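**Q** I am sharing work-v2.txt, which consists of compact mmCIF, C-alpha atoms:
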# COMPACT_ATOMS: atom_id res chain seq x y z
CA MET V 1 -14.91 -13.56 3.17
CA ALA V 2 -18.26 -12.85 1.54
CA LEU V 3 -16.63 -11.44 -1.62
CA THR V 4 -13.47 -12.92 -3.09
CA ASP V 5 -13.23 -11.17 -6.48
CA PHE V 6 -11.54 -8.07 -5.14
CA SER V 7 -11.47 -6.32 -8.51
CA GLY V 8 -15.00 -7.33 -9.48
CA GLN V 9 -17.94 -4.98 -9.90
CA GLN V 10 -19.77 -6.15 -6.78
CA PHE V 11 -16.73 -5.55 -4.57
CA ILE V 12 -16.05 -2.12 -6.06
CA ARG V 13 -19.68 -0.97 -6.02
CA THR V 14 -20.30 -2.22 -2.49
CA LEU V 15 -17.25 -0.29 -1.30
CA ALA V 16 -18.58 2.76 -3.16
CA MET V 17 -21.92 2.51 -1.30
CA ILE V 18 -20.11 2.26 2.05
CA VAL V 19 -17.92 5.29 1.22
CA GLU V 20 -21.02 7.24 0.16
CA HIS V 21 -22.78 6.31 3.43
CA ILE V 22 -19.83 7.39 5.58
CA ASP V 23 -19.63 10.71 3.71
CA LYS V 24 -23.39 11.26 3.96
CA TYR V 25 -23.40 11.01 7.76
CA LYS V 26 -19.84 12.32 8.23
CA LEU V 27 -19.03 9.28 10.36
CA ASP V 28 -15.29 10.02 10.16
CA LYS V 29 -15.88 13.14 12.27
CA TYR V 30 -17.10 11.19 15.31
CA LYS V 31 -15.13 9.61 18.12
CA ILE V 32 -15.41 5.82 18.23
CA SER V 33 -17.10 6.11 21.62
CA ASP V 34 -19.94 7.99 19.88
CA LEU V 35 -20.38 5.26 17.27
CA LYS V 36 -20.95 2.32 19.59
CA SER V 37 -23.65 1.47 22.06
CA GLY V 38 -22.66 -1.48 24.22
CA ASN V 39 -21.76 -4.28 21.82
CA ARG V 40 -23.76 -2.71 18.98
CA THR V 41 -23.34 0.32 16.74
CA SER V 42 -24.97 3.59 17.75
CA PRO V 43 -28.10 4.76 15.87
CA ILE V 44 -26.06 7.65 14.43
CA VAL V 45 -24.23 5.11 12.24
CA HIS V 46 -27.50 4.28 10.41
CA ARG V 47 -26.16 0.78 9.80
CA LYS V 48 -29.57 -0.66 8.93
CA GLU V 49 -29.98 1.90 6.18
CA LEU V 50 -26.62 0.90 4.70
CA GLU V 51 -27.49 -2.80 4.88
CA GLU V 52 -30.81 -2.23 3.10
CA LYS V 53 -29.15 -0.15 0.39
CA ILE V 54 -26.60 -2.87 -0.33
CA PHE V 55 -29.26 -5.61 -0.15
CA ARG V 56 -31.42 -3.85 -2.73
CA ILE V 57 -28.56 -3.95 -5.23
CA TYR V 58 -27.15 -7.34 -4.24
CA PRO V 59 -29.92 -9.41 -2.63
CA ASN V 60 -29.06 -12.69 -0.92
CA ASP V 61 -30.87 -15.53 0.87
CA SER V 62 -30.17 -14.13 4.35
CA ARG V 63 -33.33 -12.17 5.23
CA ASP V 64 -32.02 -11.20 8.67
CA GLY V 65 -29.22 -9.14 7.08
CA ALA V 66 -26.41 -11.40 8.31
CA SER V 67 -24.87 -11.92 4.87
CA THR V 68 -24.95 -8.23 4.06
CA ARG V 69 -23.38 -7.38 7.42
CA LYS V 70 -20.68 -9.91 6.61
CA GLN V 71 -19.99 -8.06 3.35
CA ILE V 72 -19.69 -4.73 5.17
CA ASN V 73 -17.38 -6.25 7.77
CA GLU V 74 -15.17 -7.65 5.01
CA PHE V 75 -14.15 -4.13 3.99
CA ILE V 76 -13.24 -3.37 7.60
CA LYS V 77 -11.22 -6.59 7.95
CA LEU V 78 -9.35 -5.88 4.71
CA GLY V 79 -8.59 -2.34 5.89
CA PHE V 80 -10.50 -0.22 3.38
CA VAL V 81 -12.99 0.93 6.01
CA LYS V 82 -12.31 1.76 9.64
CA PRO V 83 -13.98 -0.12 12.54
CA PHE V 84 -17.43 1.18 13.52
CA LEU V 85 -17.60 2.75 10.00
CA ASN V 86 -15.47 5.56 11.44
CA GLY V 87 -14.12 6.60 8.02
CA TYR V 88 -12.13 4.96 5.24
CA VAL V 89 -8.54 5.00 4.00
CA PRO V 90 -7.46 7.60 1.39
CA GLN V 91 -6.98 4.90 -1.26
CA ALA V 92 -10.65 3.84 -1.09
CA LYS V 93 -11.94 6.60 -3.38
CA ARG V 94 -9.25 5.86 -5.93
CA TYR V 95 -10.08 2.15 -5.75
CA ILE V 96 -13.75 2.64 -6.59
CA ASN V 97 -12.89 4.56 -9.75
CA GLU V 98 -13.84 1.96 -12.37
CA ARG V 99 -11.53 3.59 -14.96
CA ILE V 100 -8.23 2.83 -13.22
CA SER V 101 -6.06 0.05 -14.63
CA ASP V 102 -5.94 -3.47 -13.25
CA SER V 103 -2.31 -3.00 -12.21
CA GLU V 104 -3.16 0.20 -10.33
CA ARG V 105 -6.05 -1.50 -8.56
CA LYS V 106 -3.82 -4.43 -7.57
CA ARG V 107 -1.24 -2.02 -6.15
CA LEU V 108 -3.92 -0.18 -4.17
CA PHE V 109 -5.35 -3.45 -2.86
CA SER V 110 -1.88 -4.62 -1.82
CA GLU V 111 -1.08 -1.33 -0.14
CA VAL V 112 -4.37 -1.10 1.76
CA VAL V 113 -4.42 -4.70 2.94
CA TYR V 114 -0.74 -4.74 3.91
CA ALA V 115 -0.99 -1.48 5.86
CA ASN V 116 -4.45 -1.84 7.42
CA ALA V 117 -5.87 -5.39 7.41
CA SER V 118 -7.25 -6.54 10.76
CA PHE V 119 -9.24 -9.75 10.57
CA ASP V 120 -10.79 -9.38 14.03
CA SER V 121 -12.10 -5.84 13.46
CA SER V 122 -15.71 -5.14 12.50
CA THR V 123 -18.54 -2.62 12.80
CA VAL V 124 -18.57 -3.37 16.53
CA ARG V 125 -14.91 -4.08 17.30
CA ASP V 126 -11.55 -2.36 16.82
CA ASP V 127 -8.56 -4.71 16.68
CA THR V 128 -6.44 -2.65 14.29
CA GLN V 129 -3.37 -3.07 16.47
CA ASN V 130 -3.11 -6.59 15.00
CA ASN V 131 -2.44 -6.81 11.26
CA GLN V 132 -2.11 -10.48 10.29
CA VAL V 133 -1.20 -9.82 6.64
CA LYS V 134 1.59 -7.37 7.43
CA PHE V 135 2.97 -9.80 10.01
CA LEU V 136 2.97 -12.65 7.50
CA VAL V 137 4.63 -10.60 4.73
CA ASN V 138 7.32 -9.35 7.11
CA THR V 139 7.93 -12.91 8.27
CA LEU V 140 8.56 -13.84 4.63
CA LEU V 141 10.91 -10.87 4.16
CA ASN V 142 12.82 -11.66 7.35
CA ARG V 143 13.14 -15.29 6.25
CA ARG V 144 14.64 -14.05 2.97
CA LEU V 145 17.24 -12.12 4.99
CA GLU V 146 18.10 -15.09 7.20
CA LYS V 147 18.17 -17.83 4.55
CA LYS V 148 19.57 -15.73 1.66
CA ARG V 149 17.13 -17.27 -0.83
CA LEU V 150 13.57 -16.90 -2.07
CA PRO V 151 11.53 -17.53 1.10
CA ILE V 152 8.61 -19.94 1.40
CA ILE V 153 5.99 -20.49 4.10
CA ASN V 154 4.46 -23.94 3.76
CA PHE V 155 1.06 -25.18 4.88
CA ASP V 156 2.16 -26.44 8.31
CA GLU V 157 4.05 -23.21 9.04
CA LEU V 158 1.03 -21.15 8.00
CA MET V 159 -1.09 -23.12 10.49
CA GLY V 160 1.37 -22.27 13.21
CA LEU V 161 1.51 -18.58 12.37
CA MET V 162 -2.29 -18.27 12.19
CA GLN V 163 -2.71 -19.15 15.86
CA LEU V 164 0.15 -16.96 17.11
CA ASP V 165 -0.58 -13.90 19.24
CA ILE V 166 1.06 -11.22 17.08
CA LYS V 167 0.47 -8.25 19.37
CA ASN V 168 3.60 -6.04 19.42
CA LYS V 169 5.40 -8.44 17.07
CA LYS V 170 6.75 -7.35 13.68
CA TYR V 171 7.45 -10.86 12.36
CA ALA V 172 8.16 -14.43 13.50
CA ASN V 173 11.72 -15.72 13.62
CA GLU V 174 12.69 -19.29 12.74
CA LYS V 175 12.45 -20.60 16.30
CA THR V 176 8.95 -19.15 16.75
CA ILE V 177 7.82 -20.63 13.42
CA LEU V 178 9.06 -24.08 14.48
CA PHE V 179 7.39 -23.96 17.90
CA GLN V 180 4.07 -22.70 16.49
CA THR V 181 4.09 -25.28 13.69
CA ASN V 182 4.57 -28.13 16.15
CA TRP V 183 1.73 -26.85 18.34
CA ALA V 184 -0.67 -26.40 15.41
CA LYS V 185 -0.11 -30.01 14.40
CA LYS V 186 -0.78 -31.21 17.94
CA ILE V 187 -4.14 -29.43 18.22
CA ASN V 188 -5.28 -30.22 14.63
CA PHE V 189 -5.60 -26.52 13.88
CA LYS V 190 -6.29 -27.12 10.17
CA ASP V 191 -9.53 -28.98 10.85
CA ARG V 192 -10.88 -26.06 12.89
CA LYS V 193 -9.83 -23.23 10.56
CA TYR V 194 -10.22 -24.62 7.02
CA ASN V 195 -12.34 -21.70 5.72
CA GLN V 196 -10.09 -19.12 7.35
CA ILE V 197 -7.08 -20.66 5.58
CA ASN V 198 -8.79 -20.44 2.19
CA HIS V 199 -9.85 -16.82 2.78
CA LEU V 200 -6.31 -15.82 3.74
CA CYS V 201 -4.86 -17.50 0.65
CA SER V 202 -7.36 -15.75 -1.63
CA ILE V 203 -6.23 -12.40 -0.20
CA LEU V 204 -2.53 -13.19 -0.58
CA ARG V 205 -3.04 -14.35 -4.19
CA SER V 206 -4.42 -10.90 -4.98
CA MET V 207 -1.40 -9.01 -3.61
CA GLN V 208 1.65 -7.90 -5.56
CA PHE V 209 4.93 -9.76 -5.06
CA LEU V 210 3.17 -12.74 -3.44
CA THR V 211 2.27 -16.11 -4.90
CA VAL V 212 0.28 -18.99 -3.42
CA LYS V 213 0.85 -22.35 -5.07
CA GLY V 214 -0.87 -25.65 -4.46
CA SER V 215 -4.00 -26.37 -2.47
CA ASP V 216 -4.94 -27.84 0.86
CA LYS V 217 -1.84 -29.31 2.59
CA SER V 218 0.42 -28.58 -0.40
CA ILE V 219 -0.03 -24.79 -0.09
CA LYS V 220 3.17 -22.76 -0.33
CA ILE V 221 3.31 -18.99 0.06
CA SER V 222 6.32 -17.18 -1.35
CA LEU V 223 7.61 -14.03 -2.99
CA VAL V 224 7.50 -13.93 -6.78
CA LYS V 225 10.89 -14.18 -8.48
CA ASP V 226 11.11 -10.53 -9.53
CA ALA V 227 10.22 -9.22 -6.05
CA GLU V 228 13.94 -8.80 -5.32
CA LYS V 229 14.12 -6.09 -8.01
CA TYR V 230 11.74 -3.90 -6.05
CA ILE V 231 11.76 -4.80 -2.35
CA PRO V 232 14.86 -3.73 -0.40
CA GLU V 233 16.17 -5.87 2.43
CA MET V 234 14.64 -5.29 5.85
CA GLY V 235 16.60 -3.03 8.15
CA ASP V 236 18.58 -1.00 5.62
CA THR V 237 16.47 2.13 6.26
CA ASN V 238 13.47 3.21 8.34
CA ARG V 239 11.18 2.78 5.37
CA ASP V 240 8.84 -0.17 5.03
CA PRO V 241 10.38 -2.51 2.43
CA TYR V 242 7.10 -3.93 1.09
CA ARG V 243 5.39 -0.56 0.66
CA PHE V 244 8.52 0.92 -0.93
CA GLY V 245 8.54 -2.06 -3.30
CA LEU V 246 4.96 -1.31 -4.34
CA MET V 247 5.91 2.32 -4.95
CA LYS V 248 9.02 1.43 -6.95
CA LYS V 249 7.11 -1.02 -9.17
CA ALA V 250 4.42 1.60 -9.86
CA VAL V 251 7.08 4.13 -10.91
CA TYR V 252 8.79 1.56 -13.15
CA ASP V 253 5.43 0.62 -14.69
CA GLU V 254 4.71 4.29 -15.37
CA SER V 255 8.06 4.70 -17.14
CA ARG V 256 7.36 1.69 -19.34
CA ARG V 257 3.86 2.98 -20.09
CA VAL V 258 4.98 6.52 -21.01
CA TYR V 259 8.41 5.88 -22.56
CA ASP V 260 8.24 2.15 -23.43
CA ASP V 261 11.37 1.68 -21.31
CA LEU V 262 13.02 2.41 -18.00
CA VAL V 263 14.62 5.82 -18.54
CA CYS V 264 15.62 8.85 -16.55
CA TRP V 265 12.62 11.17 -16.68
CA VAL V 266 14.89 14.22 -17.03
CA THR V 267 17.33 13.03 -19.72
CA LYS V 268 14.98 10.45 -21.32
CA LYS V 269 17.97 8.08 -21.49
CA PRO V 270 18.27 4.53 -20.10
CA SER V 271 20.75 4.27 -17.26
CA GLU V 272 22.09 1.59 -14.97
CA GLY V 273 20.91 1.94 -11.38
CA LEU V 274 17.99 4.32 -11.96
CA VAL V 275 16.81 5.89 -8.70
CA VAL V 276 13.22 6.26 -7.50
CA SER V 277 13.85 9.71 -6.10
CA HIS V 278 11.37 11.17 -3.62
CA ILE V 279 10.16 14.70 -4.27
CA TYR V 280 8.97 15.26 -0.70
CA PRO V 281 11.69 13.33 1.20
CA SER V 282 10.40 10.07 2.66
CA ALA V 283 12.33 10.58 5.91
CA GLU V 284 10.64 13.94 6.40
CA ALA V 285 7.22 12.54 5.48
CA LEU V 286 7.59 9.69 7.98
CA LYS V 287 8.83 12.11 10.63
CA ASN V 288 5.65 14.14 10.08
CA TYR V 289 3.51 10.95 10.22
CA ASP V 290 2.58 11.48 6.57
CA VAL V 291 2.93 7.78 5.78
CA GLU V 292 0.82 7.84 2.61
CA ALA V 293 3.07 10.50 1.08
CA ALA V 294 6.19 8.47 1.88
CA TYR V 295 4.94 5.62 -0.33
CA ASP V 296 2.90 7.51 -2.94
CA PRO V 297 4.26 6.78 -6.46
CA ASN V 298 3.32 10.34 -7.39
CA ASN V 299 5.85 11.55 -4.82
CA ALA V 300 8.73 10.36 -6.98
CA PHE V 301 10.65 10.83 -10.20
CA LEU V 302 12.73 8.14 -11.89
CA LEU V 303 16.19 9.71 -12.18
CA SER V 304 19.63 8.64 -13.30
CA PRO V 305 22.21 8.27 -10.53
CA GLY V 306 24.87 10.93 -10.24
CA ASN V 307 24.25 14.56 -11.08
CA VAL V 308 20.51 14.45 -11.79
CA ASP V 309 19.49 12.50 -8.69
CA GLN V 310 22.05 14.02 -6.33
CA TYR V 311 21.37 17.65 -7.21
CA PHE V 312 17.63 17.07 -6.90
CA ASP V 313 17.88 14.99 -3.72
CA LYS V 314 20.13 17.56 -2.00
CA HIS V 315 17.83 20.44 -3.07
CA LYS V 316 20.66 22.04 -5.04
CA MET V 317 18.31 21.87 -8.00
CA THR V 318 14.54 21.87 -8.19
CA ILE V 319 11.93 21.50 -10.93
CA ASP V 320 9.19 24.06 -11.52
CA SER V 321 5.54 23.35 -12.30
CA GLU V 322 6.28 23.44 -16.05
CA GLY V 323 8.96 20.76 -15.77
CA ASN V 324 11.95 23.09 -16.14
CA LEU V 325 15.09 22.51 -14.09
CA VAL V 326 15.99 25.37 -11.72
CA PHE V 327 19.60 25.59 -10.50
CA SER V 328 21.42 26.95 -7.47
CA LYS V 329 24.98 28.26 -7.32
CA ASP V 330 26.08 24.81 -6.08
CA VAL V 331 25.36 23.12 -9.42
CA ARG V 332 28.38 22.72 -11.69
CA GLN V 333 28.29 24.89 -14.82
CA GLU V 334 29.15 21.90 -17.01
CA PHE V 335 25.93 20.21 -15.91
CA ILE V 336 23.88 23.38 -16.45
CA ASN V 337 25.31 23.64 -19.98
CA GLU V 338 24.47 19.98 -20.64
CA VAL V 339 20.87 20.56 -19.54
CA LYS V 340 20.48 23.58 -21.78
CA GLU V 341 22.14 21.97 -24.81
CA ASN V 342 19.91 18.89 -24.57
CA SER V 343 16.74 20.65 -23.36
CA TYR V 344 16.45 18.33 -20.38
CA HIS V 345 13.11 18.66 -18.59
CA ILE V 346 10.25 16.71 -17.02
CA ASP V 347 7.41 16.07 -19.48
CA LYS V 348 3.93 17.36 -18.73
CA VAL V 349 2.52 13.81 -18.89
CA ILE V 350 4.59 13.06 -15.77
CA LEU V 351 3.60 16.28 -13.97
CA ASN V 352 0.14 15.34 -12.72
CA ASP V 353 -1.58 17.39 -10.03
CA SER V 354 -0.29 15.18 -7.22
CA ARG V 355 3.32 15.55 -8.33
CA LYS V 356 2.89 19.32 -8.62
CA LYS V 357 1.68 19.34 -5.00
CA TYR V 358 4.82 17.53 -3.85
CA LEU V 359 6.98 19.73 -6.10
CA ALA V 360 5.62 22.81 -4.34
CA ILE V 361 7.18 21.43 -1.13
CA HIS V 362 10.49 20.77 -2.91
CA ASN V 363 10.44 24.26 -4.46
CA LYS V 364 9.82 25.84 -1.07
CA THR V 365 12.77 24.04 0.52
CA PHE V 366 15.00 25.00 -2.42
CA HIS V 367 14.09 28.70 -2.27
CA GLU V 368 14.54 28.80 1.50
CA LYS V 369 18.02 27.39 1.01
CA TYR V 370 19.00 29.63 -1.94
CA GLU V 371 17.95 33.23 -2.37
CA GLU V 372 19.21 33.40 -5.95
CA ILE V 373 18.94 31.00 -8.87
CA VAL V 374 21.40 30.47 -11.70
CA LYS V 375 20.08 31.21 -15.17
Re-express the file's structure as structure tokens.
**A**
Amino acid sequence: MALTDFSGQQFIRTLAMIVEHIDKYKLDKYKISDLKSGNRTSPIVHRKELEEKIFRIYPNDSRDGASTRKQINEFIKLGFVKPFLNGYVPQAKRYINERISDSERKRLFSEVVYANASFDSSTVRDDTQNNQVKFLVNTLLNRRLEKKRLPIINFDELMGLMQLDIKNKKYANEKTILFQTNWAKKINFKDRKYNQINHLCSILRSMQFLTVKGSDKSIKISLVKDAEKYIPEMGDTNRDPYRFGLMKKAVYDESRRVYDDLVCWVTKKPSEGLVVSHIYPSAEALKNYDVEAAYDPNNAFLLSPGNVDQYFDKHKMTIDSEGNLVFSKDVRQEFINEVKENSYHIDKVILNDSRKKYLAIHNKTFHEKYEEIVK
């Protein structure tokens, strides 16, 4: 990797210049076949112009442009930018906002890399079907399920996994890890891929819920201790456990930032078993291929289990754009009285524009289900 400080100014500003270039020439509107010419990019990409723009800001010793091209390709390999400069992920524009918090930027980095990284993709190649980071994280999560303890991937196992063909594979089981580890030792894989190992570890160190300890042959990759609080076990639903974990942590962090505690956002009271409750149901979002919405922290409220979460989740109750609770005939009168007596509501600081957009979907479903509301 040409840049390893993923939250540094050079990384952020270089990404901003790439985003600006893609927008300028509307490269996301083209088919990939239009953007390539043999094993090179088509003139309509204006790649040389982008390289010169980046070089003027961040000059380097490579006068043939190789180092600058390497920087551009890094954003494709990490998943922020699509191969052939054919667009960028939605999170890219949020990431280049220099005013966002460090924790928000780390979440965005983790989300983008986990969902989109493809180390063999570039401005002239699309290998997005193979995501090495997602495969490695899911191997860790599956190992947690099998061994019932905090999982670890050691240096020798990492060597084995790095030379595995991961096409159409979600993760590696224990037998595959053993076989690949033995083979990597036999062919002295470490000596041939030393830089690649260091680059991968620098990426993993920058992702939430992951830790990389040691160096060289003592490297150990594992989940952080509190990851279990956020990441559900694999296989319990159709949702992606790592991405849901990122979403849940962001919602928890928001509650601590706004209320100095984990509380129900309706009652403002702490509660055991608080629920990260989707506004636009995740199952529906995934069914509609709206993956970003399914894991967007703004598509959720933190609610207490029982009446508040269940009425909202079942669309027996909705919340209007002012934060007021709106009831159907299927809500118990005792609960309605409790809401009125305690002035339960969602605070305006929680109701950002993104949440209001998702609430409009919830409102629509509610009003289609109930013609009348209970005052």
**Q** What does the structure give for the distance between atom CA of V:Asp260 and atom CA of V:Glu228, in Å to one decimal?
**A**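 About the pair atom CA of V:Asp260 and atom CA of V:Glu228: they are 21.9 Å apart.
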**Q** Env of V:Ile12: 6 Å cut, atoms = all atoms listed in the file, seq-sep filter 3 positions within chain, self excluded. Answer as a list in words.
**A**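 So, after excluding close chain neighbours, the residues are Gln9, Leu15 and Ile96 of chain V.
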**Q** Pull the closest atom pair for each residue of stretch 83-170 of chain V that gets at most 10 Å from stretch 43-52 of chain V, along with the distance in Å to one decimal, counting all atoms listed in the file, ordering rows by chain and then ascending residue number, as a Markdown table.
**A**
| residue | atom | partner | partner_atom | distance |
| --- | --- | --- | --- | --- |
| V:Phe84 | CA | V:Val45 | CA | 8.0 |
| V:Leu85 | CA | V:Val45 | CA | 7.4 |
| V:Asn86 | CA | V:Val45 | CA | 8.8 |
| V:Thr123 | CA | V:Arg47 | CA | 8.9 |
**Q** For the contact check between stretch 182-253 of chain V and stretch 283-296 of chain V, emit one row per residue of stretch 182-253 of chain V within 12 Å, containing the shortest atom pair and the distance in Å rounded to one decimal, counting all atoms listed in the file, chain then rising number order, as CSV.
**A**
residue,atom,partner,partner_atom,distance
V:Thr237,CA,V:Ala283,CA,9.4
V:Asn238,CA,V:Ala283,CA,7.8
V:Arg239,CA,V:Ala283,CA,7.9
V:Asp240,CA,V:Tyr295,CA,8.8
V:Pro241,CA,V:Tyr295,CA,10.2
V:Tyr242,CA,V:Tyr295,CA,9.9
V:Arg243,CA,V:Tyr295,CA,6.3
V:Phe244,CA,V:Tyr295,CA,5.9
V:Gly245,CA,V:Tyr295,CA,9.0
V:Leu246,CA,V:Tyr295,CA,8.0
V:Met247,CA,V:Tyr295,CA,5.8
V:Lys248,CA,V:Tyr295,CA,8.8
V:Lys249,CA,V:Tyr295,CA,11.3
V:Ala250,CA,V:Asp296,CA,9.2
V:Val251,CA,V:Asp296,CA,9.6
**Q** Need to verify the contact set: stretch 217-219 of chain V, 12 Å, all atoms listed in the file, exclusion of same-chain residues closer than 6 positions in sequence. Can you return it as a CSV table (one decimal) with C-alpha atoms, in the frame of the given file?
**A**
chain,number,residue,atom,x,y,z
V,152,ILE,CA,8.6,-19.9,1.4
V,153,ILE,CA,6.0,-20.5,4.1
V,154,ASN,CA,4.5,-23.9,3.8
V,155,PHE,CA,1.1,-25.2,4.9
V,156,ASP,CA,2.2,-26.4,8.3
V,157,GLU,CA,4.0,-23.2,9.0
V,158,LEU,CA,1.0,-21.2,8.0
V,159,MET,CA,-1.1,-23.1,10.5
V,185,LYS,CA,-0.1,-30.0,14.4
V,190,LYS,CA,-6.3,-27.1,10.2
V,191,ASP,CA,-9.5,-29.0,10.8
V,194,TYR,CA,-10.2,-24.6,7.0
V,197,ILE,CA,-7.1,-20.7,5.6
V,198,ASN,CA,-8.8,-20.4,2.2
V,200,LEU,CA,-6.3,-15.8,3.7
V,201,CYS,CA,-4.9,-17.5,0.6
V,202,SER,CA,-7.4,-15.8,-1.6
V,204,LEU,CA,-2.5,-13.2,-0.6
V,205,ARG,CA,-3.0,-14.4,-4.2
V,211,THR,CA,2.3,-16.1,-4.9
**Q** Choose the residue, out of V:Asn307, V:Ile166, V:Thr128, V:Lys356, that has the smallest atom-to-atom separation from V:Glu334; count all atoms listed in the file.
**A** V:Asn307
**Q** Taking all atoms listed in the file into account, name the residue in V:Ser110, V:Lys186, V:Pro83, V:Ile279 that is nearest to V:Lys31.
**A**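 Smallest separation from V:Lys31 among the options: V:Pro83.
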**Q** Compare V:Asn352, V:Ile373, V:Lys169, V:Val308 by their minimum atom-to-atom distance to V:Lys329, counting only C-alpha atoms, and give me the closest one.
**A** V:Ile373
**Q** Using all atoms listed in the file, find the one residue out of V:Ala172, V:Leu161, V:Val89, V:Leu141 that sits nearest to V:Glu233.
**A**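 Of V:Ala172, V:Leu161, V:Val89, V:Leu141, the one nearest V:Glu233 is V:Leu141, counting all atoms listed in the file.
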**Q** Restricting the calculation to all atoms listed in the file, which member of V:Ile76, V:Val19, V:Val266, V:Leu274 is positioned closest to V:Arg125?
**A**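 Between V:Ile76, V:Val19, V:Val266, V:Leu274, the residue approaching V:Arg125 most closely is V:Ile76.
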**Q** What is the distance between atom CA of V:Val275 and atom CA of V:Leu108, in Å to one decimal?
**A** 22.1 Å
**Q** Can you pull out the residues contacting V:Ala360? Cut-off 10 Å, using only C-alpha atoms, and skip same-chain residues under 2 positions away; I want them as a PyMOL selection string.
**A** chain V and resi 279-280+318-321+355-358+362-366
**Q** Dump as a PyMOL selection string all residues having an atom at most 12 Å from (0.1, -1.3, 16.7), computed in the file's coordinates with all atoms listed in the file.
**A** chain V and resi 115-118+126-132+134-135+166-170
**Q** With C-alpha atoms retained, export the selected residues as a JSON list (two decimals), in the coordinates of the input.
**A**
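This is the output file part_23.json:
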[["chain", "number", "residue", "atom", "x", "y", "z"],
["V", 115, "ALA", "CA", -0.99, -1.48, 5.86],
["V", 116, "ASN", "CA", -4.45, -1.84, 7.42],
["V", 117, "ALA", "CA", -5.87, -5.39, 7.41],
["V", 118, "SER", "CA", -7.25, -6.54, 10.76],
["V", 126, "ASP", "CA", -11.55, -2.36, 16.82],
["V", 127, "ASP", "CA", -8.56, -4.71, 16.68],
["V", 128, "THR", "CA", -6.44, -2.65, 14.29],
["V", 129, "GLN", "CA", -3.37, -3.07, 16.47],
["V", 130, "ASN", "CA", -3.11, -6.59, 15.00],
["V", 131, "ASN", "CA", -2.44, -6.81, 11.26],
["V", 132, "GLN", "CA", -2.11, -10.48, 10.29],
["V", 134, "LYS", "CA", 1.59, -7.37, 7.43],
["V", 135, "PHE", "CA", 2.97, -9.80, 10.01],
["V", 166, "ILE", "CA", 1.06, -11.22, 17.08],
["V", 167, "LYS", "CA", 0.47, -8.25, 19.37],
["V", 168, "ASN", "CA", 3.60, -6.04, 19.42],
["V", 169, "LYS", "CA", 5.40, -8.44, 17.07],
["V", 170, "LYS", "CA", 6.75, -7.35, 13.68]]
**Q** Using all atoms listed in the file, can you tell me which of V:Val263, V:Val81, V:Ile187, V:Ala16 comes closest to V:Tyr95?
**A** V:Ala16
